[in-house]
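J.: Just so it is clear, I am handing over query06.txt, which has compact mmCIF, C-alpha atoms (C1' of nucleotides).
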# COMPACT_ATOMS: atom_id res chain seq x y z
CA MET A 1 92.18 79.33 112.89
CA VAL A 2 91.90 79.15 116.63
CA ARG A 3 92.73 75.58 117.26
CA ARG A 4 93.34 74.64 120.85
CA THR A 5 93.34 71.08 119.64
CA SER A 6 96.33 70.47 117.45
CA PHE A 7 96.38 67.36 115.33
CA GLU A 8 100.05 66.66 115.82
CA ASP A 9 99.29 63.74 118.10
CA SER A 10 96.47 62.34 116.04
CA ASP A 11 96.99 58.83 114.77
CA CYS A 12 95.57 59.84 111.42
CA PRO A 13 98.22 60.79 108.88
CA VAL A 14 95.77 63.07 107.10
CA ALA A 15 95.32 65.09 110.28
CA ARG A 16 99.05 65.33 110.86
CA SER A 17 99.62 66.47 107.31
CA VAL A 18 96.94 69.10 107.65
CA ASP A 19 98.50 70.21 110.89
CA ALA A 20 101.96 70.40 109.38
CA ILE A 21 100.91 72.45 106.40
CA GLY A 22 99.14 74.89 108.65
CA ASP A 23 96.72 76.74 106.47
CA TRP A 24 95.70 77.22 102.90
CA TRP A 25 98.13 80.05 102.33
CA SER A 26 100.91 77.62 103.10
CA LEU A 27 99.66 75.25 100.48
CA LEU A 28 99.54 78.01 97.90
CA ILE A 29 103.06 78.98 98.89
CA VAL A 30 104.11 75.41 98.21
CA ARG A 31 102.27 75.49 94.91
CA ASP A 32 104.15 78.64 93.95
CA ALA A 33 107.38 77.03 95.02
CA PHE A 34 106.67 74.19 92.61
CA ASP A 35 105.96 76.79 89.96
CA GLY A 36 109.36 78.35 90.49
CA SER A 37 108.89 81.07 93.09
CA ARG A 38 111.83 81.31 95.43
CA ARG A 39 111.91 84.81 96.88
CA PHE A 40 109.78 86.52 99.48
CA GLY A 41 108.72 89.15 97.00
CA GLU A 42 107.78 86.59 94.38
CA PHE A 43 105.46 84.80 96.75
CA GLN A 44 104.00 88.07 97.90
CA ARG A 45 103.25 89.37 94.43
CA SER A 46 101.89 86.05 93.28
CA LEU A 47 99.64 85.49 96.27
CA GLY A 48 98.72 89.01 97.23
CA VAL A 49 98.97 88.00 100.85
CA ALA A 50 99.90 90.44 103.61
CA LYS A 51 103.59 90.44 104.33
CA ASN A 52 103.29 89.57 107.99
CA ILE A 53 101.16 86.54 107.14
CA LEU A 54 103.56 85.46 104.44
CA SER A 55 106.46 85.95 106.78
CA ALA A 56 104.84 83.80 109.46
CA ARG A 57 103.88 81.08 107.00
CA LEU A 58 107.30 80.90 105.43
CA ARG A 59 108.87 80.67 108.86
CA ALA A 60 106.47 77.88 109.81
CA LEU A 61 107.15 76.00 106.59
CA VAL A 62 110.88 76.27 107.17
CA ALA A 63 110.44 75.15 110.78
CA GLY A 64 108.32 72.24 109.54
CA GLY A 65 110.98 71.15 107.09
CA VAL A 66 108.92 71.82 103.99
CA LEU A 67 111.02 74.74 102.82
CA GLU A 68 114.59 75.66 103.58
CA LEU A 69 116.54 78.87 103.31
CA VAL A 70 119.36 78.75 100.82
CA PRO A 71 121.72 81.46 99.52
CA ALA A 72 120.27 83.23 96.53
CA ALA A 73 121.13 81.66 93.22
CA ASP A 74 122.09 85.02 91.71
CA GLY A 75 124.94 85.52 94.15
CA SER A 76 123.29 88.38 96.00
CA ALA A 77 123.29 88.54 99.78
CA TYR A 78 119.60 87.67 99.91
CA GLN A 79 118.27 84.25 100.70
CA GLU A 80 115.80 82.11 98.86
CA TYR A 81 113.20 79.62 99.91
CA ALA A 82 113.61 76.20 98.37
CA LEU A 83 111.52 73.07 98.69
CA THR A 84 113.13 70.32 100.72
CA ALA A 85 112.68 66.67 99.79
CA LYS A 86 109.77 66.60 102.20
CA GLY A 87 108.28 69.62 100.47
CA ARG A 88 108.75 68.12 97.02
CA ALA A 89 106.91 65.05 98.29
CA LEU A 90 103.80 67.22 98.42
CA PHE A 91 103.70 67.15 94.64
CA PRO A 92 100.89 64.59 94.42
CA VAL A 93 98.83 66.62 96.88
CA ILE A 94 99.10 69.74 94.77
CA VAL A 95 98.43 67.82 91.57
CA ALA A 96 95.40 66.14 93.11
CA LEU A 97 93.95 69.46 94.22
CA ARG A 98 94.72 70.96 90.85
CA GLN A 99 92.98 68.20 88.96
CA TRP A 100 89.97 68.35 91.26
CA GLY A 101 89.72 72.07 90.66
CA GLU A 102 90.11 71.70 86.92
CA SER A 103 87.34 69.13 86.80
CA HIS A 104 84.79 70.91 88.94
CA PHE A 105 85.30 74.65 88.99
CA PHE A 106 85.83 75.73 85.43
CA ASP A 107 83.24 75.96 82.72
CA ASP A 108 84.04 74.34 79.41
CA GLY A 109 86.57 76.48 77.66
CA GLU A 110 87.09 78.75 80.65
CA PRO A 111 90.78 79.51 80.70
CA HIS A 112 92.88 78.37 83.61
CA SER A 113 96.49 77.75 84.35
CA GLU A 114 97.57 74.23 83.52
CA LEU A 115 100.29 71.87 84.62
CA LEU A 116 102.02 70.41 81.61
CA ASP A 117 104.65 67.80 81.01
CA ARG A 118 107.74 69.75 80.00
CA ARG A 119 108.74 67.04 77.60
CA ASP A 120 105.69 66.81 75.40
CA GLY A 121 103.70 69.88 76.47
CA ARG A 122 100.62 67.83 77.22
CA PRO A 123 98.62 67.88 80.45
CA LEU A 124 99.47 65.23 82.99
CA ALA A 125 97.52 62.03 83.33
CA GLU A 126 94.68 61.97 85.81
CA LEU A 127 95.91 60.79 89.20
CA ARG A 128 94.53 57.46 90.19
CA VAL A 129 94.62 55.44 93.35
CA HIS A 130 95.92 51.92 92.94
CA ALA A 131 96.16 48.88 95.16
CA ALA A 132 99.52 47.33 95.91
CA ASP A 133 99.11 45.01 92.93
CA GLY A 134 98.45 47.89 90.56
CA ARG A 135 94.70 47.41 90.27
CA PRO A 136 92.79 50.74 90.44
CA VAL A 137 90.70 51.06 93.58
CA ALA A 138 87.65 53.18 94.28
CA PRO A 139 87.01 54.70 97.72
CA GLU A 140 84.45 52.03 98.55
CA GLU A 141 87.02 49.33 97.94
CA THR A 142 89.19 50.60 100.73
CA VAL A 143 88.95 50.34 104.46
CA VAL A 144 90.66 52.27 107.21
CA ALA A 145 92.50 50.01 109.60
CA LYS A 146 92.35 51.42 113.07
CA VAL A 147 95.67 51.72 114.77
CA PRO A 148 96.83 48.50 116.46
CA ARG A 149 97.37 49.48 120.07
CA MET B 1 90.33 82.59 108.52
CA VAL B 2 89.55 86.18 107.72
CA ARG B 3 89.92 86.23 104.01
CA ARG B 4 88.69 89.34 102.28
CA THR B 5 90.26 87.92 99.15
CA SER B 6 88.44 84.82 98.03
CA PHE B 7 90.07 82.59 95.48
CA GLU B 8 86.91 81.75 93.64
CA ASP B 9 87.91 83.87 90.66
CA SER B 10 91.51 82.76 90.57
CA ASP B 11 92.62 81.14 87.38
CA CYS B 12 94.52 78.56 89.38
CA PRO B 13 92.60 75.35 89.97
CA VAL B 14 94.52 74.71 93.17
CA ALA B 15 93.32 78.01 94.58
CA ARG B 16 89.72 77.32 93.60
CA SER B 17 89.86 73.89 95.18
CA VAL B 18 91.25 75.33 98.37
CA ASP B 19 88.53 77.93 98.33
CA ALA B 20 85.81 75.36 97.76
CA ILE B 21 86.93 73.10 100.56
CA GLY B 22 87.02 76.04 102.94
CA ASP B 23 89.20 74.97 105.82
CA TRP B 24 91.00 72.03 107.26
CA TRP B 25 88.04 70.89 109.29
CA SER B 26 86.15 70.47 106.07
CA LEU B 27 88.85 68.24 104.71
CA LEU B 28 88.78 66.09 107.82
CA ILE B 29 85.01 65.90 107.50
CA VAL B 30 85.49 64.61 103.98
CA ARG B 31 88.07 62.14 105.24
CA ASP B 32 85.59 60.87 107.80
CA ALA B 33 82.94 60.66 105.13
CA PHE B 34 85.25 58.40 103.13
CA ASP B 35 85.78 56.38 106.29
CA GLY B 36 82.06 55.83 106.64
CA SER B 37 80.77 58.66 108.83
CA ARG B 38 77.39 59.87 107.73
CA ARG B 39 75.67 61.48 110.71
CA PHE B 40 76.22 64.79 112.45
CA GLY B 41 76.98 63.04 115.69
CA GLU B 42 79.48 60.69 114.09
CA PHE B 43 81.46 63.56 112.65
CA GLN B 44 81.32 65.40 115.92
CA ARG B 45 82.56 62.51 118.01
CA SER B 46 85.24 61.62 115.53
CA LEU B 47 86.57 65.15 115.11
CA GLY B 48 85.87 66.65 118.51
CA VAL B 49 84.96 69.89 116.78
CA ALA B 50 82.49 72.38 118.25
CA LYS B 51 78.99 71.78 117.02
CA ASN B 52 78.47 75.23 115.59
CA ILE B 53 81.65 74.92 113.56
CA LEU B 54 80.70 71.46 112.37
CA SER B 55 77.25 72.71 111.52
CA ALA B 56 78.63 75.59 109.47
CA ARG B 57 81.16 73.39 107.68
CA LEU B 58 78.62 70.73 106.80
CA ARG B 59 76.31 73.39 105.46
CA ALA B 60 79.13 74.87 103.38
CA LEU B 61 80.11 71.47 102.04
CA VAL B 62 76.51 70.76 101.08
CA ALA B 63 76.23 74.20 99.46
CA GLY B 64 79.47 73.51 97.61
CA GLY B 65 78.20 70.21 96.27
CA VAL B 66 80.73 68.07 98.09
CA LEU B 67 78.20 66.52 100.41
CA GLU B 68 74.47 66.08 100.08
CA LEU B 69 71.70 65.43 102.56
CA VAL B 70 69.95 62.12 102.06
CA PRO B 71 67.30 60.34 104.13
CA ALA B 72 68.87 58.17 106.80
CA ALA B 73 69.61 54.64 105.69
CA ASP B 74 68.06 53.17 108.84
CA GLY B 75 64.62 54.52 107.98
CA SER B 76 64.57 57.06 110.79
CA ALA B 77 63.39 60.61 110.23
CA TYR B 78 66.94 61.93 110.49
CA GLN B 79 69.07 62.82 107.54
CA GLU B 80 72.55 61.77 106.65
CA TYR B 81 75.42 63.46 104.90
CA ALA B 82 76.68 61.59 101.88
CA LEU B 83 79.52 62.34 99.50
CA THR B 84 78.44 63.47 96.06
CA ALA B 85 80.35 62.42 92.95
CA LYS B 86 82.27 65.66 93.28
CA GLY B 87 83.06 64.80 96.88
CA ARG B 88 84.17 61.30 96.00
CA ALA B 89 86.49 62.85 93.43
CA LEU B 90 88.50 64.21 96.35
CA PHE B 91 89.71 60.69 97.05
CA PRO B 92 93.16 61.22 95.51
CA VAL B 93 93.59 64.41 97.53
CA ILE B 94 92.91 62.59 100.79
CA VAL B 95 95.10 59.67 99.80
CA ALA B 96 97.93 62.00 98.83
CA LEU B 97 97.76 63.81 102.15
CA ARG B 98 97.56 60.52 103.98
CA GLN B 99 100.61 59.12 102.27
CA TRP B 100 102.58 62.29 102.83
CA GLY B 101 101.69 62.14 106.50
CA GLU B 102 102.58 58.47 106.76
CA SER B 103 105.96 59.08 105.20
CA HIS B 104 107.00 62.10 107.20
CA PHE B 105 105.26 62.28 110.54
CA PHE B 106 105.49 58.86 112.07
CA ASP B 107 108.51 57.23 113.56
CA ASP B 108 109.31 53.73 112.43
CA GLY B 109 106.85 51.42 114.04
CA GLU B 110 104.74 54.22 115.46
CA PRO B 111 101.17 53.07 115.09
CA HIS B 112 98.82 54.99 112.85
CA SER B 113 95.58 54.39 111.07
CA GLU B 114 96.06 52.97 107.62
CA LEU B 115 94.11 52.87 104.41
CA LEU B 116 93.93 49.33 103.09
CA ASP B 117 92.64 47.67 100.00
CA ARG B 118 89.52 45.84 101.11
CA ARG B 119 90.25 43.01 98.74
CA ASP B 120 93.71 41.96 99.84
CA GLY B 121 94.13 43.91 103.07
CA ARG B 122 97.35 45.48 101.92
CA PRO B 123 98.17 49.19 101.93
CA LEU B 124 97.57 51.06 98.72
CA ALA B 125 100.29 51.77 96.23
CA GLU B 126 102.12 55.05 96.53
CA LEU B 127 100.43 57.72 94.43
CA ARG B 128 102.52 58.82 91.52
CA VAL B 129 102.19 61.57 88.99
CA HIS B 130 102.35 60.44 85.39
CA ALA B 131 102.52 62.19 82.06
CA ALA B 132 99.83 61.61 79.47
CA ASP B 133 101.85 58.76 77.99
CA GLY B 134 102.17 57.02 81.33
CA ARG B 135 105.75 57.97 82.05
CA PRO B 136 106.28 59.06 85.69
CA VAL B 137 107.12 62.74 86.00
CA ALA B 138 108.90 64.63 88.76
CA PRO B 139 107.95 68.18 89.69
CA GLU B 140 110.91 69.61 87.79
CA GLU B 141 109.72 67.93 84.63
CA THR B 142 106.53 69.91 84.64
CA VAL B 143 105.73 73.47 83.76
CA VAL B 144 102.74 75.62 84.53
CA ALA B 145 101.16 77.05 81.43
CA LYS B 146 99.83 80.48 82.16
CA VAL B 147 96.25 80.97 81.15
CA PRO B 148 95.83 81.97 77.48
CA ARG B 149 93.96 85.25 77.66
C1' DC C 1 51.13 56.90 126.75
C1' DG C 2 54.72 59.72 129.33
C1' DG C 3 59.19 60.74 130.64
C1' DA C 4 63.99 60.48 129.72
C1' DT C 5 67.44 60.55 126.39
C1' DT C 6 69.54 61.10 121.92
C1' DT C 7 70.07 63.83 117.81
C1' DG C 8 70.97 67.89 115.56
C1' DG C 9 71.37 71.80 115.93
C1' DT C 10 71.32 77.66 117.43
C1' DA C 11 72.72 81.77 120.41
C1' DG C 12 75.94 84.51 123.10
C1' DC C 13 80.30 85.58 124.39
C1' DA C 14 85.58 85.81 125.13
C1' DT C 15 89.63 85.41 122.62
C1' DG C 16 93.01 84.68 119.04
C1' DT C 17 94.20 85.19 114.42
C1' DT C 18 93.90 87.59 110.25
C1' DG C 19 94.84 91.37 107.40
C1' DC C 20 95.78 96.16 106.58
C1' DA C 21 98.85 100.07 106.91
C1' DA C 22 102.81 102.17 108.56
C1' DC C 23 107.37 101.76 109.51
C1' DC C 24 112.23 100.18 109.19
C1' DA C 25 117.01 98.23 108.28
C1' DG C 26 120.10 96.40 105.14
C1' DA C 27 121.30 95.48 100.27
C1' DT C 28 121.38 97.09 95.69
C1' DG C 29 121.35 100.21 91.79
C1' DT C 30 123.01 104.69 89.56
C1' DA D 1 125.80 109.67 98.03
C1' DC D 2 121.24 109.01 97.26
C1' DA D 3 117.20 106.62 95.92
C1' DT D 4 115.01 102.48 95.59
C1' DC D 5 114.23 97.55 96.26
C1' DT D 6 113.99 93.63 99.36
C1' DG D 7 112.47 91.53 103.24
C1' DG D 8 110.70 91.97 106.75
C1' DT D 9 108.32 93.79 112.00
C1' DT D 10 104.85 96.25 114.75
C1' DG D 11 100.25 98.10 116.08
C1' DC D 12 95.65 97.92 115.65
C1' DA D 13 90.71 96.88 114.21
C1' DA D 14 87.70 93.44 112.65
C1' DC D 15 86.25 89.10 112.26
C1' DA D 16 86.06 84.03 112.73
C1' DT D 17 86.74 80.44 116.04
C1' DG D 18 85.53 77.69 119.79
C1' DC D 19 83.42 77.04 124.26
C1' DT D 20 79.24 76.66 126.99
C1' DA D 21 74.54 76.93 127.52
C1' DC D 22 70.29 76.32 125.59
C1' DC D 23 66.56 74.23 122.65
C1' DA D 24 63.23 71.53 119.66
C1' DA D 25 62.18 67.39 117.45
C1' DA D 26 62.76 62.44 117.14
C1' DT D 27 63.47 58.23 119.45
C1' DC D 28 63.71 54.98 123.16
C1' DC D 29 61.90 52.65 127.28
C1' DG D 30 58.82 51.12 130.85
How would this structure read if it were set down as structure tokens?
T.:
Amino acid sequence: MVRRTSFEDSDCPVARSVDAIGDWWSLLIVRDAFDGSRRFGEFQRSLGVAKNILSARLRALVAGGVLELVPAADGSAYQEYALTAKGRALFPVIVALRQWGESHFFDDGEPHSELLDRRDGRPLAELRVHAADGRPVAPEETVVAKVPR
Amino acid sequence: MVRRTSFEDSDCPVARSVDAIGDWWSLLIVRDAFDGSRRFGEFQRSLGVAKNILSARLRALVAGGVLELVPAADGSAYQEYALTAKGRALFPVIVALRQWGESHFFDDGEPHSELLDRRDGRPLAELRVHAADGRPVAPEETVVAKVPR
DNA sequence: CGGATTTGGTAGCATGTTGCAACCAGATGT
DNA sequence: ACATCTGGTTGCAACATGCTACCAAATCCG
């Protein structure tokens, strides 16, 4: 994306997040990281993305503090990409996108990969937005407060 | 983004969602729609995006069923873009991105726009991922079930 | 009514980014 | 030692992006 206008100075957190993630490939990389991918080759096989693109995205994610390079768990000289705390904090974003996709882009019975609770093997609960007091809120019940200058 | 490989046939809901949204501009358009923007000009002023890009994105979002064209509320001959039910279902995605941005890209006290509960004026609760039984689950406590062929 | 302005776009063009293929160095396997 | 795997980089063509100019219809304003 040719973007002469970066969002890194925007006062909207959504814009900064979008800017930090970079592009959709990056988000799918993060998804794969949640799913257990750790090595360059794993990401590449899973995503089918060109290696130069993957290389650039991984570097950007590391620079952005979403991933970090750690020594390979198997003791080899290679390195692995691991989610940082900041990267793991993207979990609700991935889950939200996943649930939206499940709800709107698959016919009844059409098979798709699913995110399950490891403990009981059941799908996760639908994400819901709540107010500070725990009451569920719909979009119309919210308001964006413009930044206090 | 030059993407010869579309994700529309992926079995991963995240990939299909990403594909359906299209690009980051589209997501910011949806964010603005949640914030009350309805007209072409409103989106353009708010985003500062080139008109041809905005035009293409709006058309794609309408084609994808995220937005729909409705007669203008003020009775004029113009039309307005309104979120469909499918579009409104993106609310958790936007909120998740917003909260991630708030947590990681603003210094303490740095002003930023905020999403508040209209009823009590307080920020929303932090989104959390729960299992079917209501227990909170961390990423490591989940597993992706590969599609049953 | 008539002219100016706003709204909501489209068209053309330069440029940057994507994505493919080829290549390459170091680590690993045998 | 030799082959292969891993993890990249480089060059290049094609395409999408984004800017500016242009345009038609609707609306405003005197």
J.: So that I can check the surroundings of Asn52 (chain B), please list as a PyMOL selection string every protein, DNA and RNA residue that reaches within 8 Å of it, counting all atoms listed in the file and ignoring chain neighbours fewer than 2 positions away.
T.: (chain B and resi 50+54-56) or (chain C and resi 9-10)
J.: Quick check: residues of chain D within 10 Å of chain B, all atoms listed in the file, returned as JSON, numbers by chain.
T.: {"D": [14, 15, 16, 17, 18, 19, 25, 26, 27]}
J.: Please measure the separation of CA of His130 (chain B) and CA of Arg135 (chain A), giving the value in Å to one decimal.
T.: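 Going from CA of His130 (chain B) over to CA of Arg135 (chain A), I get 15.9 Å.
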J.: Calculated over all atoms listed in the file, which of the candidates A:Glu110, A:Glu80, A:Glu68, A:Asp117 has the smallest distance to chain B?
T.: A:Asp117
J.: So that I can check the surroundings of Phe105 (chain A), please list as a PyMOL selection string every protein, DNA and RNA residue that reaches within 9 Å of it, counting only C-alpha atoms (C1' of nucleotides) and ignoring chain neighbours fewer than 2 positions away.
T.: (chain A and resi 100-103+107) or (chain B and resi 8+13+16-17+20)
J.: Could you check the closest approach to DT6 (chain D) for each of A:Phe34, A:Ile21, A:Phe40, A:Tyr81 and tell me which residue wins, using all atoms listed in the file?
T.: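 Using all atoms listed in the file, the shortest distance to DT6 (chain D) belongs to A:Phe40.
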J.: Hey, which bits of chain A sit within 7 Å of chain B, and for each residue what's the closest pair of atoms and how far apart in Å (one decimal), counting all atoms listed in the file, rows by chain and increasing number, as CSV?
T.:
residue,atom,partner,partner_atom,distance
A:Met1,CA,B:Met1,CA,5.8
A:Asp11,CA,B:His112,CA,4.7
A:Cys12,CA,B:Ser113,CA,5.5
A:Pro13,CA,B:Gly101,CA,4.4
A:Val14,CA,B:Arg98,CA,4.4
A:Arg16,CA,B:Gly101,CA,6.0
A:Ser17,CA,B:Gly101,CA,4.9
A:Val18,CA,B:Trp24,CA,6.6
A:Trp24,CA,B:Val18,CA,6.6
A:Phe34,CA,B:Pro139,CA,6.8
A:Asp35,CA,B:Val144,CA,6.4
A:Ala89,CA,B:Trp100,CA,6.9
A:Leu90,CA,B:Trp100,CA,6.7
A:Phe91,CA,B:Pro139,CA,6.6
A:Pro92,CA,B:Ala96,CA,5.9
A:Val93,CA,B:Ala96,CA,5.1
A:Ile94,CA,B:Val14,CA,6.9
A:Ala96,CA,B:Val93,CA,5.1
A:Leu97,CA,B:Val14,CA,5.4
A:Arg98,CA,B:Val14,CA,4.4
A:Trp100,CA,B:Leu90,CA,6.7
A:Gly101,CA,B:Pro13,CA,4.4
A:Glu102,CA,B:Pro13,CA,5.4
A:Phe105,CA,B:Arg16,CA,6.9
A:Pro111,CA,B:Val147,CA,5.7
A:His112,CA,B:Asp11,CA,4.7
A:Ser113,CA,B:Val147,CA,4.5
A:Glu114,CA,B:Ala145,CA,5.0
A:Leu115,CA,B:Val144,CA,4.5
A:Leu116,CA,B:Val143,CA,5.3
A:Asp117,CA,B:Thr142,CA,4.6
A:Arg118,CA,B:Thr142,CA,4.8
A:Arg122,CA,B:Ala132,CA,6.7
A:Pro123,CA,B:Ala132,CA,6.5
A:Leu124,CA,B:Ala131,CA,4.4
A:Ala125,CA,B:Ala132,CA,4.5
A:Leu127,CA,B:Val129,CA,6.3
A:Arg128,CA,B:Pro92,CA,6.7
A:Val129,CA,B:Leu127,CA,6.3
A:His130,CA,B:Ala125,CA,5.5
A:Ala131,CA,B:Leu124,CA,4.4
A:Ala132,CA,B:Ala125,CA,4.5
A:Pro139,CA,B:Phe91,CA,6.6
A:Glu141,CA,B:Arg118,CA,5.3
A:Thr142,CA,B:Asp117,CA,4.6
A:Val143,CA,B:Leu116,CA,5.3
A:Val144,CA,B:Leu115,CA,4.5
A:Ala145,CA,B:Glu114,CA,5.0
A:Lys146,CA,B:Ser113,CA,4.8
A:Val147,CA,B:Ser113,CA,4.6
A:Pro148,CA,B:Pro111,CA,6.4
J.: Deliver the residues from the most recent selection as a file, using C-alpha atoms, as a short mmCIF file (atom, residue, chain, number, x, y, z; two decimals), in the frame of the given file.
T.:
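So the final result, stored in again_11.cif, reads:
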data_model
loop_
_atom_site.label_atom_id
_atom_site.label_comp_id
_atom_site.auth_asym_id
_atom_site.auth_seq_id
_atom_site.Cartn_x
_atom_site.Cartn_y
_atom_site.Cartn_z
CA MET A 1 92.18 79.33 112.89
CA ASP A 11 96.99 58.83 114.77
CA CYS A 12 95.57 59.84 111.42
CA PRO A 13 98.22 60.79 108.88
CA VAL A 14 95.77 63.07 107.10
CA ARG A 16 99.05 65.33 110.86
CA SER A 17 99.62 66.47 107.31
CA VAL A 18 96.94 69.10 107.65
CA TRP A 24 95.70 77.22 102.90
CA PHE A 34 106.67 74.19 92.61
CA ASP A 35 105.96 76.79 89.96
CA ALA A 89 106.91 65.05 98.29
CA LEU A 90 103.80 67.22 98.42
CA PHE A 91 103.70 67.15 94.64
CA PRO A 92 100.89 64.59 94.42
CA VAL A 93 98.83 66.62 96.88
CA ILE A 94 99.10 69.74 94.77
CA ALA A 96 95.40 66.14 93.11
CA LEU A 97 93.95 69.46 94.22
CA ARG A 98 94.72 70.96 90.85
CA TRP A 100 89.97 68.35 91.26
CA GLY A 101 89.72 72.07 90.66
CA GLU A 102 90.11 71.70 86.92
CA PHE A 105 85.30 74.65 88.99
CA PRO A 111 90.78 79.51 80.70
CA HIS A 112 92.88 78.37 83.61
CA SER A 113 96.49 77.75 84.35
CA GLU A 114 97.57 74.23 83.52
CA LEU A 115 100.29 71.87 84.62
CA LEU A 116 102.02 70.41 81.61
CA ASP A 117 104.65 67.80 81.01
CA ARG A 118 107.74 69.75 80.00
CA ARG A 122 100.62 67.83 77.22
CA PRO A 123 98.62 67.88 80.45
CA LEU A 124 99.47 65.23 82.99
CA ALA A 125 97.52 62.03 83.33
CA LEU A 127 95.91 60.79 89.20
CA ARG A 128 94.53 57.46 90.19
CA VAL A 129 94.62 55.44 93.35
CA HIS A 130 95.92 51.92 92.94
CA ALA A 131 96.16 48.88 95.16
CA ALA A 132 99.52 47.33 95.91
CA PRO A 139 87.01 54.70 97.72
CA GLU A 141 87.02 49.33 97.94
CA THR A 142 89.19 50.60 100.73
CA VAL A 143 88.95 50.34 104.46
CA VAL A 144 90.66 52.27 107.21
CA ALA A 145 92.50 50.01 109.60
CA LYS A 146 92.35 51.42 113.07
CA VAL A 147 95.67 51.72 114.77
CA PRO A 148 96.83 48.50 116.46
#
J.: For the interface of chain C with chain A (cut-off 10 Å, counting all atoms listed in the file), please tabulate each contacting residue of chain C alongside its nearest pair of atoms and their separation in Å to one decimal, rows sorted by chain and increasing number, as a tab-separated table.
T.:
residue	atom	partner	partner_atom	distance
C:DT15	C1'	A:Val2	CA	9.0
C:DG16	C1'	A:Val2	CA	6.1
C:DT17	C1'	A:Met1	CA	6.4
C:DT18	C1'	A:Ile53	CA	8.0
C:DG19	C1'	A:Ala50	CA	6.4
C:DC20	C1'	A:Ala50	CA	7.6
C:DA27	C1'	A:Ala77	CA	7.2
C:DT28	C1'	A:Ser76	CA	8.9
J.: Report as JSON, numbers by chain all protein, DNA and RNA residues lying within 12 Å of Arg45 (chain A), evaluated on all atoms listed in the file, omitting residues in the same chain fewer than 6 positions from it.
T.: {"A": [29, 32, 37, 38, 39, 51, 54]}
J.: What is the distance between C1' of DA25 (chain C) and CA of Ala82 (chain A), in Å to one decimal?
T.: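 We find that C1' of DA25 (chain C) and CA of Ala82 (chain A) lie 24.4 Å from each other.
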J.: Which residues come within 12 Å of DG30 (chain D), counting all atoms listed in the file, excluding same-chain residues fewer than 3 positions away, as a list in words?
T.: DC1, DG2, DG3 and DA4 of chain C
J.: So how far away is C1' of DA24 (chain D) from CA of Gly41 (chain B), in Å?
T.: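 Going from CA of Gly41 (chain B) over to C1' of DA24 (chain D), I get 16.6 Å.
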J.: With 4 Å on each side, where is the centre of the axis-aligned box around all listed atoms of region 37-51 of chain B, and how long are its edges in Å to one decimal, as lines of an AutoDock Vina configuration file?
T.:
center_x = 81.1
center_y = 65.5
center_z = 113.1
size_x = 18.9
size_y = 21.7
size_z = 18.8
J.: Show which residues sit within 12 Å of DA22 (chain C), as a PyMOL selection string. Count all atoms listed in the file, and ignore same-chain residues fewer than 5 positions away.
T.: chain D and resi 9-12
